[in-house]
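Asks: File data_14.pdb below, PDB, C-alpha atoms:
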```
ATOM      1  CA  MET A 266      -5.191  -6.422  -4.516
ATOM      2  CA  GLU A 267      -1.616  -5.189  -4.454
ATOM      3  CA  GLN A 268       1.338  -7.562  -4.558
ATOM      4  CA  MET A 269       4.247  -6.653  -2.303
ATOM      5  CA  PRO A 270       7.628  -6.566  -4.062
ATOM      6  CA  HIS A 271       9.883  -9.565  -3.440
ATOM      7  CA  TYR A 272      10.671  -9.693   0.306
ATOM      8  CA  GLY A 273       8.755  -6.436   0.876
ATOM      9  CA  GLN A 274      11.695  -4.215  -0.003
ATOM     10  CA  ASN A 275       9.602  -1.293  -1.289
ATOM     11  CA  SER A 276       7.103   0.168   1.136
ATOM     12  CA  ARG A 277       5.872   3.046  -1.044
ATOM     13  CA  GLY A 278       2.750   1.254  -2.318
ATOM     14  CA  ILE A 279       1.446   0.297   1.101
ATOM     15  CA  GLN A 280       1.785   3.908   2.287
ATOM     16  CA  ASN A 281      -1.422   4.616   0.356
ATOM     17  CA  CYS A 282      -3.216   2.451   2.944
ATOM     18  CA  ILE A 283      -2.375   4.614   5.975
ATOM     19  CA  TYR A 284      -5.511   5.325   8.056
ATOM     20  CA  ARG A 285      -7.498   2.726   6.136
ATOM     21  CA  PHE A 286      -8.669  -0.764   6.986
ATOM     22  CA  THR A 287      -6.385  -3.084   5.050
ATOM     23  CA  TYR A 288      -6.725  -6.813   4.540
ATOM     24  CA  MET A 289      -3.322  -8.497   4.903
ATOM     25  CA  TRP A 290      -2.073 -11.846   3.630
ATOM     26  CA  LEU A 291       1.191 -12.963   5.256
ATOM     27  CA  ARG A 292       3.850 -15.501   4.293
ATOM     28  CA  ASN A 293       2.837 -17.746   7.199
ATOM     29  CA  ASN A 294      -0.651 -18.083   5.593
ATOM     30  CA  ASP A 295      -2.208 -15.799   8.218
ATOM     31  CA  ASN A 296      -4.689 -13.233   6.910
ATOM     32  CA  PHE A 297      -6.656 -10.570   8.759
ATOM     33  CA  TRP A 298      -7.963  -7.001   8.826
ATOM     34  CA  PHE A 299      -5.431  -4.434   9.958
ATOM     35  CA  TYR A 300      -5.836  -0.686  10.552
ATOM     36  CA  LEU A 301      -2.594   0.818   9.257
ATOM     37  CA  THR A 302      -1.250   3.930  11.016
ATOM     38  CA  ALA A 303       2.429   4.137   9.975
ATOM     39  CA  VAL A 304       4.938   2.639   7.560
ATOM     40  CA  GLY A 305       8.572   2.388   8.588
ATOM     41  CA  GLU A 306      11.590   1.294   6.608
ATOM     42  CA  TYR A 307      11.139  -2.370   7.569
ATOM     43  CA  ARG A 308       7.772  -2.604   9.388
ATOM     44  CA  VAL A 309       4.186  -1.400   9.224
ATOM     45  CA  TYR A 310       2.356  -0.338  12.375
ATOM     46  CA  GLY A 311      -1.275  -0.203  13.342
ATOM     47  CA  TYR A 312      -4.013  -2.196  15.030
ATOM     48  CA  ARG A 313      -5.220  -5.770  14.646
ATOM     49  CA  PHE A 314      -8.502  -7.046  16.054
ATOM     50  CA  PHE A 315      -8.058 -10.111  18.252
ATOM     51  CA  GLY A 316      -9.128 -11.144  21.724
ATOM     52  CA  GLY A 317     -12.338  -9.125  21.331
ATOM     53  CA  ARG A 318     -10.586  -5.757  20.936
ATOM     54  CA  TRP A 319      -8.202  -3.739  18.785
ATOM     55  CA  ASN A 320      -4.573  -4.215  19.827
ATOM     56  CA  GLN A 321      -1.421  -2.421  18.704
ATOM     57  CA  TYR A 322       0.417  -4.577  16.217
ATOM     58  CA  SER A 323       3.316  -4.365  13.782
ATOM     59  CA  ILE A 324       4.223  -6.490  10.783
ATOM     60  CA  ASP A 325       7.586  -6.964   9.129
ATOM     61  CA  LEU A 326       7.340  -5.829   5.490
ATOM     62  CA  SER A 327       9.075  -9.007   4.336
ATOM     63  CA  ASP A 328       6.182 -11.054   5.807
ATOM     64  CA  ILE A 329       3.499  -9.347   3.700
ATOM     65  CA  VAL A 330       2.569 -11.275   0.552
ATOM     66  CA  ASN A 331      -0.508  -9.260  -0.495
ATOM     67  CA  TYR A 332      -2.706  -6.506   0.866
ATOM     68  CA  HIS A 333      -5.896  -4.715  -0.093
ATOM     69  CA  CYS A 334      -6.945  -1.292   1.243
ATOM     70  CA  SER A 335     -10.508  -0.265   1.832
ATOM     71  CA  PRO A 336     -11.592   2.961   0.101
ATOM     72  CA  PRO A 337     -10.875   6.144   2.056
ATOM     73  CA  THR A 338     -13.540   7.131   4.557
ATOM     74  CA  PRO A 339     -15.323  10.310   3.480
ATOM     75  CA  THR A 340     -15.263  13.203   5.932
ATOM     76  CA  LEU A 341     -17.364  16.338   6.311
ATOM     77  CA  TYR A 342     -14.325  18.590   5.837
TER      78      TYR A 342
END
```
Turn the structure described in the file into structure tokens.
Replies:
Amino acid sequence: MEQMPHYGQNSRGIQNCIYRFTYMWLRNNDNFWFYLTAVGEYRVYGYRFFGGRWNQYSIDLSDIVNYHCSPPTPTLY
């Protein structure tokens, strides 16, 4: 499990989780699976499963306390 830097000011570590299922722990005690598709300067973007389907979702980097990426999915190429 990776620890985000204080107030999420360095997004380089979480970039390794792009296109992977990532378990997120937030400052508001929320935790969930998230499919990460992009990392911006202040936010991460992807999809969160709720309401019975995957929905577009973004998270402020300063709200992320911890995260854990699943291993990369093997491909045939």
Asks: From the set A:Phe314, A:Leu341, A:Asp325, A:Ser335, which residue has the shortest atom-to-atom contact distance to A:Phe297, counting all atoms listed in the file?
Replies: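 With all atoms listed in the file as the atom set, the closest residue is A:Phe314.
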Asks: Which residue out of A:Gly317, A:Asn281, A:Val330, A:Tyr307 has the minimum interatomic distance to A:Asn294 when only C-alpha atoms are used?
Replies: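 Of A:Gly317, A:Asn281, A:Val330, A:Tyr307, the one nearest A:Asn294, counting only C-alpha atoms, is A:Val330.
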Asks: Suppose you want the space between atom CA of A:Gln280 and atom CA of A:Gly316; what is it in Å?
Replies: 26.9 Å
Asks: How far is it from atom CA of A:Glu306 to atom CA of A:Pro336, in Å with one decimal?
Replies: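 So the answer is 24.1 Å.
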Asks: Which residues would end up in the selection if the PyMOL selection byres ((chain A and resi 283) around 9) were applied here, given that I need the answer as a list in words?
Replies: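 In the shown coordinates, the PyMOL selection byres ((chain A and resi 283) around 9) covers Ile279, Gln280, Asn281, Cys282, Tyr284, Arg285, Phe286, Thr287, Tyr300, Leu301, Thr302, Ala303, Val304, Gly311 and Cys334 of chain A.
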Asks: Applying the PyMOL selection byres ((chain A and resi 295) around 12) to the file I just gave you, which residues come out? Please list them as JSON, numbers by chain.
Replies: {"A": [288, 289, 290, 291, 292, 293, 294, 296, 297, 298, 299, 324, 328, 329, 330, 331, 332]}
Asks: Apply the PyMOL selection byres ((chain A and resi 321) around 8) to the file shown and report the selected residues as a ChimeraX atom specification.
Replies: /A:310-313,319-320,322-323
Asks: Please define a box with edges along x, y and z of the file around all atoms of stretch 297-305 of chain A given in the file, extend it by 8 Å on each side, and return its centre and edge lengths in Å to one decimal, as JSON.
Replies:
```
{"center_x": 0.3, "center_y": -3.2, "center_z": 9.3, "size_x": 32.5, "size_y": 30.7, "size_z": 19.5}
```
